[in-house]
Every structure is written in C-alpha cells, then in structure tokens.
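Okay, structure first, notes after.
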Amino acid sequence: MNIQAELRNRFRAALLAIDPAAGQFAEMVLPSQDAKFGDYQANCAMPLGKQLGRPPREIAQQLVAMLDLADICEPPEIAGPGFINLRLKQEFLIPQLQQMLSDETHLGVAPSAEPKTIVLDYSAPNVAKPMHVGHIRSTVIGAALYRVLKELGHRVISDNHIGDWGTQFGMIIYGYKHFVDEAALAKQPVAELSRLYRLVNQLVEYHAVSDYFLPSLEGKIDAQKSRIAVLKEDSNLDANERKRRLQAAENVLAELHAEEVDLKSKVAIVAENPELYSLAWQHTTVRSEILAETAALHAGDKTNRELWERFLPACLEANQRIYRRLGVTFDLSLGESFYEDRLTGVVADLTKHGLVTESDGAKCVFLAGIDAPFIVQKKDGAFLYATTDLATIQFRVEEWSPDAILYVVDHRQSLHFEQLFATARLWGYDKIELEHISFGTVLGEDGRPYKTRSGTAVGLDGLLDEAVERAYAIVSANDDARAEPLLSADERQQVAERVGIGAIKYADLAHNRTSDYVFSYDKMLAMQGNTAAYMQYSYARVSSIFAKGAVDVATLRKKGGALKLEQPAERALALSLLQLSEALERVATDYRPNHLTAYLFDLASKYSSFFENCPVLKAESDESRTSRLLLCDLTARTIAHGLHLLGIQTVERM
Ligand code: ARG
C-alpha cells in the first residue's frame, strides 16, 4: 500500500467537505522530517485558512474532526499555528508489514491508480561513433525509469532511437573508400570501423579546428584580455567591485584557455605525427566530401547503401557489448533510418497545416516565444534530426497511442526538444505528455566534461573495466582483512563486477539528474555513504547474520511469525520499509530515480540503528528473535528489490 497516497485520499475527502476548492491541499500530506512530529505531517490548514480568511488552527480542528483516519492513525495532534501531526497505529503497521512479507514479487508495492502507456526514449547513441559518458547516463537513468514505471503497473515501451543515419556514416564510408584495411575489416569489423572513424575524425578535427575553431577562440581570448586590461584601469569603479569583476573576467579567461589547450591538442595529434599530417594535407576537402557521402547515402546511392548495410551490424554490436555489461535491453531499437521514408510526408503534412515558412531556401517552423526556427528541411533538400523526431512522434502515436513520450537526453538538447514539442502540439499532438527528461553533464575531477582516457569507444569499456578493477582491489582488501578470507578469486571477480558496475550506475542515479556531477571512482566506490557499495554491503550483512545464526531463509519465510515493534528503532525500520511504494511513486512523478536511492539510503540507515539497538540472534525471546529476523529479511529483500529496479545487482558476501 502507498500510505502517503491513502492519507492524501482521506485528507482530500475532508478538505472537499470544508471547501470544494480545497482538494489540492491534500498534496501537503508529507512524511515528517523528524520523528517527534509523528510519521506524517499535513500543513494544509495554513493555505486553506488564507483562502477562506479563517484562523488556520480553527481549520485544523475542523479538519481533524472530519477526517476519517481511525483505522490508520492515532488521533491526530494539532501543533503550532495549525500543523496536523499523524502517527500510524501499531495495529495498522503490523498487518501492512505482514502483507509486504507475503508478497514475494512486489513487496506490497501498490500499482498506480491510473496506469498509462508510456514510450521511453533513452540511450540513443549515434552508432559508428564511440558512445560517450553522456550516453551511459541516459542509458542508466532510462533503464531505471523503465523498471520503476513498469513496477507501478504502467505499460512502458522502451525504444532506443539510435542515430544510424547521420554524418558519422558519411565518415566511415569516406574512411572505407580511402583507408580501409580489408583483411582487418573481415577479421575484426568493429575494431576496423572504429579505427576508420577515429582516423577520419582526426582529419576533420584538424581542419575544422585549425581553420575555424581555434582562430575564433583566439579572437575571444584577445577580446577577453582587453576587457581585463580596461577593467584594471577603470577608476570609476570602487575597489571591491573592480576586484569582483576582475575575478569573474579572469575566470572566463581561464575557461577559454582550457578550451584552447583542448583544441590545440587536437591539432597537435595530427601535426606531430608525420603520417597523419601528410594524410591531413592530402585530404583537405574531407569535410565537404563527408557531407556528400552522407547525402548520397540518403539519396539511395547504391554503393553507399550497400556499405551502410554492411557496416551497421558491426556498429550495433559495438554498443551491444556495452549494453550486455550494463545489463540493459530495449523493447525496440528503431533507428533514425527506420523513419526515412516518412520524412517527405512529414514536411508535406506540416506544410498543409500551414506551419512551414521558407527562409533562405530552408523549410522552417517558426514558434512563438522561441527565436531560433525549427528547420525541417535544408536548402539542398536534406532532412534533419528534427524531421526524424517529428516522424517518430507520428509513428509512436499510430502504433501505441501513448499517454506520454519521455526523452532521456542530455540538457544540451533542451532547445531541440522545446521546439520539437511546440511543433508537435501545433501539428495536432496536443493531448500527449511530451517530456524531455534532461540530465546534467558528467564532469572530471578538474570540473570539465569528463573524457574517457582515450576518448574512444574502447574508452567506455575502459571506464567500466577500471571501476571493476578498483572494486576488485577493495573487495580483496576487505576479504584479506578477515581472519579467514571467504572468497575465492572467481567470487572476488564476480563480486567486483557487480560492485564496480553498480557503483557507476548508482552514482549516475543518486545525483539529482538535472545537476552536473563529478565522476570520482573514490567517491562512488566508498563503502560508507550513499553509494551502491554501501547498499550492497547492507544487503550482504543480512545474509551474513543468517549464515552466522544458521537461519534458513526459506523456512523463516514459510513459517513467518508475529511481528513486534516495541523498540523505537524497530518501529522506525518498519515504517521505512512500508514507504517503498511512496518512493517509487515519487520517482514516477518527476522522473527522478534519486528519490529511490535516497529512500534506500534512509532504509539502510534505519536498519543500521535497528541493528545497533536490537540484538537479533541474541534477542531476549524466541518471538522477538523471529520478529527481528523477519524484519532483517524484509530489509534485505527491499534493498535488493530497490537495487534491482535501479539495474544494480546484489551479492551475498563481499
Ligand atoms: N542520437 C542522439 C544523440 O546522441 C540522441 C537521440 C535522442 N532521442 C531522440 N528521439 N532525439 O545526441
């Protein structure tokens, strides 16, 4: 059962009886921050008092008189200006827990009151091009949302909208035509194709950076330096203000310099390698030729089409390897290419709806309140990312009539989605919830966007490898510290894989998705704090209690027993266990998996204090021992279930 939702229902009824416009205040029933104010708190009397022009305390009294809560709570208390404090009854908690204990698969999680059909668009890397950390974040967040939404009874369709039709294919086609090693391609297609991609990308970057990006950046650096010089001489400013502005300006300059170092290193890679350097100068038109190869592919050119068909499986396989390691699957992987033959129709239909304006030969949708036009067809006839995304909405609606389509994509694409959704609504898709589940950038310890060591696809594998290696060292050190080590080398490896991959996922999920976060192996692998390792350890600790007490879990579950919640720590743990449903509902409300990690962390802390305060194996009576063992087991199952929904595996020993 979702206790919070149930309490809100009861409050809603009472609120509506007082005032027909007061139903919304039921949302103000929240878990208490502090146990001394009870288990839940409702602050609705304050805004309602304001709305009705009556003293809040009086409203609170009226509410309490009308509330029908006797089966759930002790008589509510009114505190301060009109807070209503609720404490759940023991006679309510215990049967709820019993029910949770007997529900093997869902642990009492209440299905959503309004099941929806939801298309979830996540991961979506551009194939032929190495996946980057941002794609891991999208994959991990998307996969967690997928499981949580399904757990709540929604119909969810995951669709990996892979970029299999863009310029990066022009790049490998160009690479193939000029640089292929056929033998290598036959033997190790994935490796050879990524070599070709990297090589061509280096040539492109060399020219783009030295012809355009670097000069433009240097212009900015000069301008910034003059700004600083002017500030230094500015006698109109008071000393403090000048200092502040100078500091800000120096910070901008430092950013620009860091970018310059980045760009210069891209040029240097080529310039310092005679072979690459000479290739770069043999391929000065590489950029325009890549665009031409891409256009030819789209126009149906036979050779390019054949090459595309030949390369695609190997490109997909490279990503598949990462998905296998992450344990992620999709219901569908309809790439951009899937929509190719819809694009002409989309533009025609938008035109028919009067949405298209020509500007410099390009077909654009101009949107109120957004400066940049949404370009759906270029002057040369080429369609764009935007056109494909519109076709995709059309297709998804035809196929599933979803209530919602959610896009888990990094925040840099927010303008694109703003334009896409506005266009789709004008086009007639105004009944479905279209939402950009945006997330921040993964930063390195230097505060700049995180780069895998070599910045390549191998880099992502390497990222996972490094987490696993470090986890192995930690697991081994912990095990070696035991009087008698428990784990064989194989077990250590298996545990390390789960702890290492779990750490990366958990770090992605535990940070509020809209903020940037710093990727730090040390932090994510810490055994204490809000980390996967701590959660996995809390789980394993229960197993070790059972092992120590020679408790057979299957028998314990089958026999069950009475639950006693006499100690405050027992009661606090019980309440936390029963809040799983609420945590999941919160995740589904604003699509933030960090509500679930926060819940698990809270549960683990409640368990810790329970464990410190309430002897389990040495409990004072048999009944109390059984009751505590049942609480331990339920905690372990809840942690495992929560982690499973986040895509993280547990281990019995670590
Ligand atoms: N392929 C895109 C990228 O890597 C992300 C696609 C997201 N999904 C979508 N329907 N636009 O940046």
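Just so we're on the same page: first chain in the structure tokens is A, next is B, and so on; residues restart at 1 for each chain, and ligands are numbered from 1 in the order they show up.
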For this session: Please extract the residues at most 8 Å from ligand 1, counting only C-alpha atoms and all ligand atoms, and provide them as a PyMOL selection string, using the chain letters and residue numbers of this document.
Result: chain A and resi 121-126+135+160-163+385-386+389+392+407-410+413+417
Per residue of segment 312-351 of chain A within 8 Å of segment 170-194 of chain A, record the nearest atom pair and its distance in Å to one decimal, counting only C-alpha atoms, with rows in chain order and ascending residue number, as JSON lines.
{"residue": "A:Ala314", "atom": "CA", "partner": "A:Val190", "partner_atom": "CA", "distance": 5.3}
{"residue": "A:Cys315", "atom": "CA", "partner": "A:Val190", "partner_atom": "CA", "distance": 6.4}
{"residue": "A:Glu317", "atom": "CA", "partner": "A:Val190", "partner_atom": "CA", "distance": 7.5}
{"residue": "A:Ala318", "atom": "CA", "partner": "A:Val190", "partner_atom": "CA", "distance": 6.3}
Exercise. Pick from A:Gly529, A:Pro95, A:Gly447, A:Gly166: nearest to Ser337 of chain A, with only C-alpha atoms counted?
Worked result: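 Closest residue, counting only C-alpha atoms: A:Gly166.
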For this session: Determine, counting only C-alpha atoms, which protein, DNA and RNA residues have an atom within 10 Å of an atom of Glu570 of chain A; residues of the same chain fewer than 5 positions away are not included. Present the result as a PyMOL selection string.
Result: chain A and resi 563-565+575-576+606-607+609-611+613-614+627-628+631
Exercise. Between A:Leu297, A:Ala636, A:Ile141, A:Leu217, which has the minimum distance to Leu600 of chain A (counting only C-alpha atoms)?
Worked result: A:Ala636
Please identify every residue of segment 482-577 of chain A that has at least one atom no farther than 12 Å from an atom of segment 143-155 of chain A, counting only C-alpha atoms, and for each give the shortest atom pair and the distance in Å to one decimal, arranged by chain then increasing number, as CSV.
residue,atom,partner,partner_atom,distance
A:Lys505,CA,A:Ala144,CA,9.5
A:Tyr506,CA,A:Ala144,CA,10.2
A:Asp508,CA,A:Ala144,CA,10.6
A:Leu509,CA,A:Ala144,CA,8.3
A:Ala510,CA,A:Ala144,CA,11.4
A:Arg513,CA,A:Leu145,CA,12.0
For this session: Determine, counting only C-alpha atoms, which protein, DNA and RNA residues have an atom within 9 Å of an atom of segment 38-52 of chain A; residues of the same chain fewer than 6 positions away are not included. Present the result as a list in words.
Result: Gln4, Leu7, Phe11, Leu15, Asp19, Ala22, Phe25, Ala26, Glu27, Met28, Val29, Leu30, Pro31, Ser32, Glu58, Ile59, Ala60, Gln61, Leu63, Glu77, Pro81, Gly82, Phe83, Ile84, Asn85, Leu86, Arg87, Leu88 and Leu575 of chain A
Residue selection dump (C-alpha atoms) as a PDB file, in the first residue's frame:
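Contents of out-v6.pdb, as written:
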ATOM      1  CA  GLN A   4       1.012   8.622   1.807  1.00  0.00           C
ATOM      2  CA  LEU A   7      -3.624   9.535   3.785  1.00  0.00           C
ATOM      3  CA  PHE A  11      -7.496  14.330   3.627  1.00  0.00           C
ATOM      4  CA  LEU A  15     -10.859  19.100   2.628  1.00  0.00           C
ATOM      5  CA  ASP A  19     -14.405  23.795   0.688  1.00  0.00           C
ATOM      6  CA  ALA A  22      -9.512  22.776  -1.284  1.00  0.00           C
ATOM      7  CA  PHE A  25      -4.091  20.839  -0.406  1.00  0.00           C
ATOM      8  CA  ALA A  26      -4.165  17.095   0.196  1.00  0.00           C
ATOM      9  CA  GLU A  27      -0.785  17.099  -1.570  1.00  0.00           C
ATOM     10  CA  MET A  28       0.607  18.707   1.568  1.00  0.00           C
ATOM     11  CA  VAL A  29       0.499  15.439   3.488  1.00  0.00           C
ATOM     12  CA  LEU A  30       4.193  14.571   3.672  1.00  0.00           C
ATOM     13  CA  PRO A  31       6.443  12.254   5.660  1.00  0.00           C
ATOM     14  CA  SER A  32       7.668  14.061   8.789  1.00  0.00           C
ATOM     15  CA  GLU A  58      -9.583  26.544  13.662  1.00  0.00           C
ATOM     16  CA  ILE A  59      -9.415  24.980  10.215  1.00  0.00           C
ATOM     17  CA  ALA A  60      -7.070  22.328  11.549  1.00  0.00           C
ATOM     18  CA  GLN A  61      -9.548  21.484  14.277  1.00  0.00           C
ATOM     19  CA  LEU A  63     -10.261  19.071   9.504  1.00  0.00           C
ATOM     20  CA  GLU A  77      -2.396  16.210  17.024  1.00  0.00           C
ATOM     21  CA  PRO A  81      -0.148  27.516  14.066  1.00  0.00           C
ATOM     22  CA  GLY A  82      -2.090  24.534  12.706  1.00  0.00           C
ATOM     23  CA  PHE A  83       0.229  21.685  11.737  1.00  0.00           C
ATOM     24  CA  ILE A  84      -1.504  18.325  11.849  1.00  0.00           C
ATOM     25  CA  ASN A  85       0.766  15.545  13.057  1.00  0.00           C
ATOM     26  CA  LEU A  86      -0.076  11.953  12.286  1.00  0.00           C
ATOM     27  CA  ARG A  87       1.202   8.841  13.945  1.00  0.00           C
ATOM     28  CA  LEU A  88       0.399   5.468  12.437  1.00  0.00           C
ATOM     29  CA  LEU A 575       7.853   2.490   8.786  1.00  0.00           C
TER      30      LEU A 575
END
Problem set entry | Distance query Arg242 of chain A at most 12 Å, only C-alpha atoms, self and fewer than 3 positions along chain excluded, as an NGL selection string | :A and (228-239 or 245-250)
Problem set entry | Long-range neighbours of Glu336 of chain A as a list in words, 8 Å cut-off, only C-alpha atoms, 2 positions minimum in chain |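 Once the nearby chain positions are removed, what remains is His161, Ile162, Gly163, Asp164, Trp165, Leu334, Phe338, Tyr339, Glu340 and Thr388 of chain A.
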Exercise. Which is closest to Leu486 of chain A among A:Trp400, A:Met654, A:Asp371, A:Arg227, if we use only C-alpha atoms?
Worked result: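 The answer is A:Met654, which sits nearest to Leu486 of chain A.
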For this session: Can you list, as a count of residues only, all residues belonging to segment 321-457 of chain A that DSSP tags as alpha helix (DSSP H)?
Result: 47
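The closest residue to Gln168 of chain A, picked from A:Thr351, A:Thr303, A:Thr294, A:Thr357 and counting only C-alpha atoms, is A:Thr294.
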